$ cat data-v3.txt   # compact mmCIF, C-alpha atoms
# COMPACT_ATOMS: atom_id res chain seq x y z
CA MET A 1 0.00 0.00 0.00
CA TYR A 2 2.73 2.47 0.93
CA SER A 3 5.07 1.53 -1.96
CA VAL A 4 2.49 2.52 -4.59
CA THR A 5 2.00 5.94 -3.06
CA ALA A 6 5.74 6.56 -2.88
CA ASN A 7 6.17 5.46 -6.50
CA ARG A 8 3.50 7.93 -7.62
CA CYS A 9 5.24 10.76 -5.75
CA ARG A 10 8.57 9.94 -7.42
CA ARG A 11 6.91 9.97 -10.86
CA ALA A 12 5.29 13.33 -10.13
CA LEU A 13 8.66 14.82 -9.17
CA GLN A 14 10.31 13.44 -12.30
CA CYS A 15 7.78 15.19 -14.61
CA ARG A 16 8.87 18.09 -16.73
CA PRO A 17 8.28 21.56 -15.20
CA PRO A 18 5.06 23.32 -16.39
CA PHE A 19 6.67 25.57 -19.04
CA LYS A 20 3.35 27.21 -19.98
CA ILE A 21 2.78 28.40 -16.44
CA ILE A 22 6.37 29.67 -16.19
CA GLY A 23 5.93 31.52 -19.47
CA VAL A 24 2.78 33.25 -18.22
CA LEU A 25 4.54 34.27 -15.03
CA PHE A 26 7.44 35.77 -17.01
CA LEU A 27 4.94 37.66 -19.18
CA LEU A 28 3.23 39.10 -16.12
CA LEU A 29 6.57 40.06 -14.64
CA PHE A 30 7.50 41.83 -17.88
CA CYS A 31 4.24 43.78 -17.79
CA LEU A 32 4.87 44.84 -14.22
CA ILE A 33 8.38 46.02 -15.04
CA LYS A 34 7.91 47.59 -18.49
CA VAL A 35 4.30 48.01 -19.64
CA ILE A 36 2.51 49.29 -16.51
CA PRO A 37 5.16 51.95 -15.71
CA ALA A 38 4.89 53.10 -19.32
CA ILE A 39 1.11 53.49 -18.98
CA PHE A 40 1.61 55.47 -15.80
CA ALA A 41 4.16 57.65 -17.57
CA VAL A 42 1.67 58.72 -20.26
CA GLN A 43 -1.12 59.28 -17.70
CA PRO A 44 0.50 61.40 -14.99
CA LEU A 45 -2.78 63.15 -14.13
CA TRP A 46 -4.52 59.83 -13.44
CA VAL A 47 -1.64 58.61 -11.31
CA SER A 48 -1.49 61.85 -9.32
CA ALA A 49 -5.26 61.71 -8.75
CA VAL A 50 -4.91 58.21 -7.28
CA LYS A 51 -2.08 59.38 -5.04
CA GLU A 52 -4.23 62.27 -3.79
CA LEU A 53 -7.21 60.08 -2.80
CA PRO A 54 -6.04 59.38 0.80
CA GLY A 55 -5.36 63.06 1.41
CA ARG A 56 -8.73 64.09 0.00
CA ALA A 57 -10.52 61.55 2.17
CA LEU A 58 -8.73 62.87 5.24
CA ASP A 59 -9.56 66.47 4.28
CA SER A 60 -13.22 65.53 3.89
CA TYR A 61 -13.37 64.09 7.39
CA GLN A 62 -11.50 67.03 8.85
CA ALA A 63 -13.93 69.43 7.15
CA GLU A 64 -16.90 67.56 8.66
CA PRO A 65 -15.90 66.33 12.13
CA LEU A 66 -19.47 65.14 12.69
CA GLN A 67 -18.73 62.30 10.24
CA ILE A 68 -15.92 61.12 12.52
CA ILE A 69 -18.27 61.13 15.51
CA LYS A 70 -20.89 59.19 13.59
CA GLY A 71 -18.25 56.68 12.49
CA ALA A 72 -17.07 56.09 16.06
CA LEU A 73 -20.56 56.28 17.61
CA PRO A 74 -23.05 54.80 15.11
CA ILE A 75 -25.92 55.67 17.46
CA PHE A 76 -25.70 59.25 16.17
CA ARG A 77 -26.50 58.08 12.64
CA TRP A 78 -29.98 57.09 13.77
CA SER A 79 -31.17 60.51 14.83
CA SER A 80 -31.02 64.10 13.66
CA PHE A 81 -29.20 66.60 15.84
CA GLU A 82 -32.10 69.01 15.35
CA GLY A 83 -34.91 66.49 15.07
CA ASP A 84 -35.69 67.85 11.61
CA SER A 85 -36.50 64.68 9.68
CA GLU A 86 -39.85 64.95 7.98
CA THR A 87 -41.12 61.56 9.14
CA PRO A 88 -40.61 59.87 12.52
CA THR A 89 -38.33 56.84 12.32
CA PHE A 90 -38.60 53.53 14.15
CA MET A 91 -35.03 53.92 15.40
CA GLY A 92 -35.77 57.41 16.69
CA SER A 93 -38.72 56.08 18.69
CA PHE A 94 -36.58 53.20 19.95
CA LEU A 95 -33.83 55.58 21.11
CA HIS A 96 -36.36 57.71 22.94
CA GLY A 97 -37.79 54.68 24.77
CA ALA A 98 -34.39 53.16 25.57
CA GLY A 99 -33.12 56.50 26.78
CA SER A 100 -36.09 56.88 29.11
CA VAL A 101 -35.30 53.51 30.70
CA GLY A 102 -31.60 54.29 31.07
CA ARG A 103 -32.24 57.93 32.03
CA VAL A 104 -29.97 59.09 29.21
CA ASN A 105 -31.06 61.21 26.25
CA LEU A 106 -29.64 59.05 23.45
CA GLN A 107 -30.35 61.78 20.91
CA ASN A 108 -28.16 64.26 22.75
CA PRO A 109 -24.45 63.78 21.87
CA ALA A 110 -23.23 65.54 25.02
CA ALA A 111 -25.50 63.44 27.27
CA VAL A 112 -24.29 60.16 25.72
CA LEU A 113 -20.64 61.13 26.15
CA GLN A 114 -21.21 62.31 29.72
CA SER A 115 -22.95 59.03 30.60
CA GLN A 116 -19.88 57.07 29.43
CA ILE A 117 -17.22 59.51 30.68
CA PRO A 118 -18.46 60.85 34.05
CA LEU A 119 -15.70 63.46 34.20
CA LEU A 120 -17.39 65.27 31.28
CA ALA A 121 -20.47 65.84 33.44
CA ALA A 122 -18.48 68.50 35.27
CA VAL A 123 -17.69 70.34 32.03
CA ASP A 124 -19.88 73.34 31.24
CA PHE A 125 -20.28 73.24 27.46
CA PRO A 126 -20.76 76.74 25.99
CA ASP A 127 -24.24 77.27 24.61
CA VAL A 128 -23.35 79.79 21.93
CA ALA A 129 -20.02 80.12 20.18
CA PRO A 130 -18.73 83.56 19.21
CA VAL A 131 -20.19 84.93 16.01
CA SER A 132 -17.54 84.91 13.30
CA SER A 133 -17.07 87.36 10.47
CA PRO A 134 -18.84 86.62 7.18
CA ALA A 135 -16.98 84.28 4.85
CA PRO A 136 -16.85 84.72 1.07
CA ASP A 137 -20.03 83.35 -0.51
CA GLU A 138 -20.11 80.55 -3.06
CA ALA A 139 -20.58 81.12 -6.77
CA GLY A 140 -24.19 81.56 -7.80
CA GLU A 141 -25.29 82.79 -4.40
CA LYS A 142 -25.86 86.32 -3.23
CA ALA A 143 -23.27 87.66 -0.82
CA ILE A 144 -24.40 88.30 2.75
CA PRO A 145 -25.73 91.87 2.66
CA THR A 146 -24.73 94.48 5.23
CA LEU A 147 -27.48 97.02 5.83
CA ALA A 148 -27.74 100.18 7.90
CA GLY A 149 -30.71 101.11 10.07
CA GLU A 150 -32.23 99.97 13.33
CA ARG A 151 -35.33 98.30 11.92
CA LEU A 152 -33.69 95.31 10.28
CA VAL A 153 -35.02 91.82 9.47
CA CYS A 154 -32.82 88.90 8.39
CA VAL A 155 -34.16 85.97 6.35
CA TYR A 156 -32.72 82.61 5.24
CA ASN A 157 -33.84 79.02 4.52
CA THR A 158 -32.36 76.00 6.29
CA HIS A 159 -34.13 73.54 3.97
CA THR A 160 -33.57 75.49 0.78
CA GLY A 161 -34.87 72.69 -1.44
CA GLU A 162 -38.32 72.50 0.15
CA THR A 163 -41.02 73.29 -2.38
CA TYR A 164 -44.76 72.94 -3.09
CA ARG A 165 -46.21 69.88 -4.76
CA LEU A 166 -49.07 71.69 -6.54
CA THR A 167 -46.54 73.91 -8.30
CA ASP A 168 -43.48 71.71 -8.82
CA GLY A 169 -45.00 68.23 -8.62
CA VAL A 170 -42.51 67.17 -5.93
CA ASP A 171 -41.87 67.98 -2.26
CA ARG A 172 -38.18 68.83 -2.63
CA LEU A 173 -35.74 70.04 -5.26
CA ASP A 174 -32.51 68.35 -4.20
CA GLY A 175 -29.50 70.62 -4.51
CA ARG A 176 -31.63 73.49 -5.85
CA ARG A 177 -33.66 76.39 -4.50
CA GLY A 178 -37.29 75.39 -4.01
CA GLY A 179 -40.50 77.30 -3.47
CA VAL A 180 -39.55 78.37 0.06
CA VAL A 181 -36.85 80.58 -1.42
CA MET A 182 -39.48 82.31 -3.59
CA VAL A 183 -41.61 82.77 -0.46
CA ALA A 184 -38.65 84.30 1.38
CA ALA A 185 -38.02 86.63 -1.57
CA ALA A 186 -41.68 87.75 -1.60
CA PHE A 187 -41.51 88.32 2.16
CA GLN A 188 -38.42 90.48 1.70
CA GLU A 189 -39.89 92.43 -1.23
CA THR A 190 -43.08 93.25 0.69
CA LEU A 191 -41.25 94.39 3.81
CA GLU A 192 -38.97 96.65 1.79
CA SER A 193 -41.31 98.09 -0.81
CA SER A 194 -44.54 98.34 1.20
CA TYR A 195 -43.28 99.02 4.73
CA GLY A 196 -39.77 100.43 4.43
CA ILE A 197 -38.20 97.68 6.55
CA ASN A 198 -34.59 96.85 5.70
CA VAL A 199 -34.13 93.13 4.96
CA ALA A 200 -30.91 91.12 4.70
CA ARG A 201 -31.62 87.79 3.01
CA SER A 202 -29.38 84.84 2.14
CA ASP A 203 -30.39 82.31 -0.53
CA LYS A 204 -27.45 80.01 0.22
CA ILE A 205 -28.26 76.32 -0.27
CA ASN A 206 -27.93 74.74 3.18
CA ASP A 207 -29.43 71.28 2.60
CA MET A 208 -27.14 69.61 0.06
CA ASP A 209 -26.81 67.00 2.82
CA TYR A 210 -30.21 67.05 4.55
CA ASN A 211 -28.89 65.68 7.85
CA MET A 212 -26.33 68.50 7.98
CA SER A 213 -28.87 71.24 7.15
CA TYR A 214 -28.90 72.97 10.53
CA ILE A 215 -25.13 72.77 10.87
CA GLU A 216 -24.82 74.59 7.53
CA SER A 217 -27.63 77.05 8.14
CA GLU A 218 -26.12 77.99 11.50
CA LYS A 219 -23.12 79.31 9.57
CA THR A 220 -25.48 81.31 7.36
CA ALA A 221 -27.39 82.73 10.33
CA ARG A 222 -24.16 83.70 12.08
CA GLU A 223 -22.91 85.44 8.94
CA LEU A 224 -26.15 87.40 8.64
CA LEU A 225 -26.05 88.48 12.28
CA ALA A 226 -22.34 89.32 12.20
CA ALA A 227 -22.82 91.48 9.12
CA ASN A 228 -25.96 93.11 10.54
CA PRO A 229 -25.58 93.58 14.31
CA LYS A 230 -28.74 95.71 14.56
CA THR A 231 -31.02 92.84 13.51
CA SER A 232 -34.46 93.01 15.15
CA VAL A 233 -35.82 89.65 13.94
CA ILE A 234 -34.30 86.73 12.03
CA PHE A 235 -36.61 84.36 10.09
CA ASP A 236 -35.88 80.83 8.93
CA ILE A 237 -38.64 80.08 6.39
CA HIS A 238 -39.72 76.47 5.82
CA ARG A 239 -42.57 74.45 4.35
CA ASP A 240 -44.65 72.08 6.50
CA SER A 241 -45.67 68.50 5.63
CA LYS A 242 -47.94 65.67 6.79
CA LYS A 243 -51.11 67.76 6.51
CA THR A 244 -54.15 67.40 4.28
CA ARG A 245 -55.22 69.96 1.73
CA GLU A 246 -58.00 71.08 4.06
CA GLN A 247 -55.49 71.71 6.87
CA SER A 248 -53.22 73.61 4.50
CA ILE A 249 -55.51 76.38 3.28
CA VAL A 250 -57.61 79.23 4.65
CA ASN A 251 -59.86 81.65 2.77
CA ILE A 252 -59.13 85.31 3.48
CA ASP A 253 -61.00 88.03 1.63
CA GLY A 254 -61.97 85.58 -1.09
CA GLN A 255 -58.41 84.36 -1.71
CA VAL A 256 -56.97 80.94 -0.86
CA MET A 257 -53.96 81.29 1.45
CA ALA A 258 -51.49 78.77 2.85
CA THR A 259 -51.71 78.26 6.61
CA LEU A 260 -48.75 79.12 8.85
CA LEU A 261 -47.07 77.32 11.73
CA PHE A 262 -44.40 78.66 14.09
CA ILE A 263 -41.76 76.26 15.50
CA VAL A 264 -39.79 77.08 18.65
CA GLY A 265 -36.86 75.05 19.98
CA SER A 266 -36.42 74.15 23.64
CA ASP A 267 -33.77 72.97 26.08
CA THR A 268 -34.78 69.30 25.94
CA ARG A 269 -31.64 68.15 24.15
CA ARG A 270 -29.12 70.90 24.81
CA PRO A 271 -28.84 73.90 27.12
CA PHE A 272 -30.98 76.76 25.82
CA PRO A 273 -31.84 79.04 28.74
CA GLY A 274 -33.41 81.76 26.58
CA TRP A 275 -35.83 79.64 24.60
CA ARG A 276 -38.91 81.03 26.37
CA GLN A 277 -38.06 84.48 25.08
CA ASN A 278 -38.20 83.13 21.52
CA TYR A 279 -41.42 81.34 22.39
CA ALA A 280 -43.06 84.51 23.71
CA PHE A 281 -42.15 86.40 20.56
CA ALA A 282 -43.49 83.64 18.29
CA VAL A 283 -46.77 83.56 20.27
CA GLU A 284 -47.09 87.33 19.91
CA LEU A 285 -46.63 87.12 16.14
CA SER A 286 -49.07 84.21 15.80
CA ASP A 287 -51.75 85.94 17.90
CA ARG A 288 -51.44 89.20 16.01
CA ILE A 289 -51.63 87.42 12.68
CA ASN A 290 -54.86 85.70 13.72
CA GLU A 291 -56.29 88.95 15.06
CA LYS A 292 -55.86 90.49 11.63
CA TYR A 293 -56.39 87.35 9.52
CA PRO A 294 -58.38 84.75 11.52
CA GLY A 295 -57.22 81.18 10.95
CA LEU A 296 -54.09 82.06 9.00
CA SER A 297 -51.75 80.87 11.79
CA LEU A 298 -52.10 77.40 13.29
CA GLY A 299 -50.19 78.54 16.37
CA VAL A 300 -46.81 77.78 17.91
CA ARG A 301 -45.32 74.30 18.34
CA VAL A 302 -42.46 73.66 20.78
CA GLN A 303 -39.97 70.98 19.67
CA ASP A 304 -36.71 69.49 20.94
CA GLY A 305 -34.07 71.09 18.69
CA LEU A 306 -32.36 74.47 18.89
CA TYR A 307 -33.05 75.45 15.25
CA ASN A 308 -30.43 78.23 15.49
CA GLN A 309 -32.78 80.13 17.79
CA ASN A 310 -30.09 80.32 20.45
CA LEU A 311 -28.35 82.90 18.24
CA HIS A 312 -30.96 85.65 18.72
CA PRO A 313 -33.80 86.30 21.22
CA ARG A 314 -36.24 86.90 18.33
CA ALA A 315 -35.26 84.09 15.99
CA VAL A 316 -38.34 82.61 14.31
CA LEU A 317 -38.82 79.36 12.39
CA LEU A 318 -41.87 79.91 10.19
CA GLU A 319 -43.46 77.13 8.14
CA VAL A 320 -45.42 78.71 5.29
CA GLY A 321 -47.86 76.22 3.81
CA THR A 322 -47.43 72.47 3.36
CA THR A 323 -46.68 70.04 0.58
CA GLU A 324 -50.37 70.33 -0.36
CA ASN A 325 -50.14 74.01 -1.28
CA SER A 326 -49.05 75.86 -4.37
CA CYS A 327 -46.19 78.34 -4.29
CA GLU A 328 -48.63 81.15 -5.13
CA GLU A 329 -50.74 80.40 -2.04
CA ALA A 330 -47.64 80.45 0.15
CA VAL A 331 -46.44 83.73 -1.37
CA ARG A 332 -49.81 85.36 -0.59
CA SER A 333 -49.52 84.32 3.04
CA ALA A 334 -45.94 85.57 3.29
CA ARG A 335 -47.03 89.00 2.07
CA LEU A 336 -49.70 89.15 4.80
CA VAL A 337 -47.16 88.11 7.45
CA ALA A 338 -44.85 90.89 6.28
CA GLY A 339 -47.44 93.49 7.29
CA VAL A 340 -47.75 92.10 10.81
CA VAL A 341 -43.98 91.84 11.20
CA ALA A 342 -43.63 95.44 10.06
CA ASP A 343 -46.11 96.53 12.76
CA VAL A 344 -44.29 94.62 15.50
CA VAL A 345 -40.81 95.77 14.46
CA GLY A 346 -42.03 99.35 14.04
CA GLU A 347 -43.60 99.40 17.52
CA GLU A 348 -40.42 97.96 19.03
CA HIS A 349 -38.35 100.65 17.34
CA ALA A 350 -40.71 103.38 18.52
CA LYS A 351 -40.32 102.21 22.15
CA ASP A 352 -36.53 102.00 21.99
CA PRO A 353 -34.93 103.57 18.89
CA GLU A 354 -31.44 102.60 20.06
CA ALA A 355 -32.27 98.93 20.62
CA VAL A 356 -30.01 96.41 18.89
CA SER A 357 -29.76 92.64 19.05
CA ASP A 358 -27.90 91.17 22.01
$ encode --input "data-v3.txt" --output "structure tokens"
Amino acid sequence: MYSVTANRCRRALQCRPPFKIIGVLFLLLFCLIKVIPAIFAVQPLWVSAVKELPGRALDSYQAEPLQIIKGALPIFRWSSFEGDSETPTFMGSFLHGAGSVGRVNLQNPAAVLQSQIPLLAAVDFPDVAPVSSPAPDEAGEKAIPTLAGERLVCVYNTHTGETYRLTDGVDRLDGRRGGVVMVAAAFQETLESSYGINVARSDKINDMDYNMSYIESEKTARELLAANPKTSVIFDIHRDSKKTREQSIVNIDGQVMATLLFIVGSDTRRPFPGWRQNYAFAVELSDRINEKYPGLSLGVRVQDGLYNQNLHPRAVLLEVGTTENSCEEAVRSARLVAGVVADVVGEEHAKDPEAVSD
């Protein structure tokens, strides 16, 4: 039994070497030494682009440190830092329930870190960072305007792509300016031409990455406020969703208007000691709108995020219409709101002509 096996092994060793395989190996070696370097030599741009890939990847992460946090702590991928997703998610509900059991707000990055590193609980995280000077604007976007005068209103859009289904056939124009930008422009035009209120408006696209919208729009809001320190009110104009057509319209003087909704952030997730001041101002605007145009405003809703309202005591998030409106209906409502805002800002200026934003 063993002799046969040994004989077969000796025969296998005595066979001629596989010349075809050796030839293929030599051919591959020749390509590695001669052909491939020659290809690289005539395509220096392609080679340099490949060499730059690691550096570009590192630069991308350094430019967006939040991506590093989400990579190390995947729990942060399951929730929005501002709670601004249009539809509630199963994971978001799960995090809320699990956090209630563990007495940790799993949607608050600082709370999660403090629960794992107790020493951080003694750290007092600053609520508002210093306002920086305006940065150069991107191509195709209007530069941040600097305006004189005490009665000043600033306007921008966090979710720039939000639009109106009855006009555009979709709820969002990804990477483009949607109907809410037209509403903001109409709001500005009415304040300036009809009421003499100075308006600084930015049409910068802040929602190229929807989950980063408020991080980007915070930069825009800070630039507006830094360039215009005498700002009286700053508006972030949005479009609502998840409402029927009947809930989205109101008839005023024979014209169909889009309903309004004010959103105010709170201190549920992060420190925000002044949020009640923003809330009081939003309630005042809503009440005065309904006094003049009954049913136009659906009131004020308090939610968990900051929504950049920690940057100014009269920062307002205004949802003009819903997905079930047309852009024209929303523009009509914005023009009516402009009149009420002009009254409020004018009265404030009359009481204290030297008042400026804090």
$ residues_around --input "data-v3.txt" --residues "Leu191 in chain A" --least-positions-apart "4" --cutoff "6 Å" --atoms "all atoms listed in the file" --output "ChimeraX atom specification"
/A:195,197,338
$ closest_residue --input "data-v3.txt" --among "A:Arg301, A:Arg288, A:His159, A:Arg335" --to "Ile215 in chain A" --atoms "all atoms listed in the file"
A:His159
$ atom_distance --input "data-v3.txt" --atom1 "CA of Tyr164 in chain A" --atom2 "CA of Val300 in chain A"
21.6 Å
$ closest_residue --input "data-v3.txt" --among "A:Lys292, A:His312, A:Arg245, A:Arg177" --to "Glu329 in chain A" --atoms "only C-alpha atoms"
A:Arg245
$ closest_residue --input "data-v3.txt" --among "A:Val183, A:Asp343, A:Val320, A:Val250" --to "Pro294 in chain A" --atoms "only C-alpha atoms"
A:Val250
$ atom_distance --input "data-v3.txt" --atom1 "CA of Val331 in chain A" --atom2 "CA of Phe281 in chain A"
22.5 Å
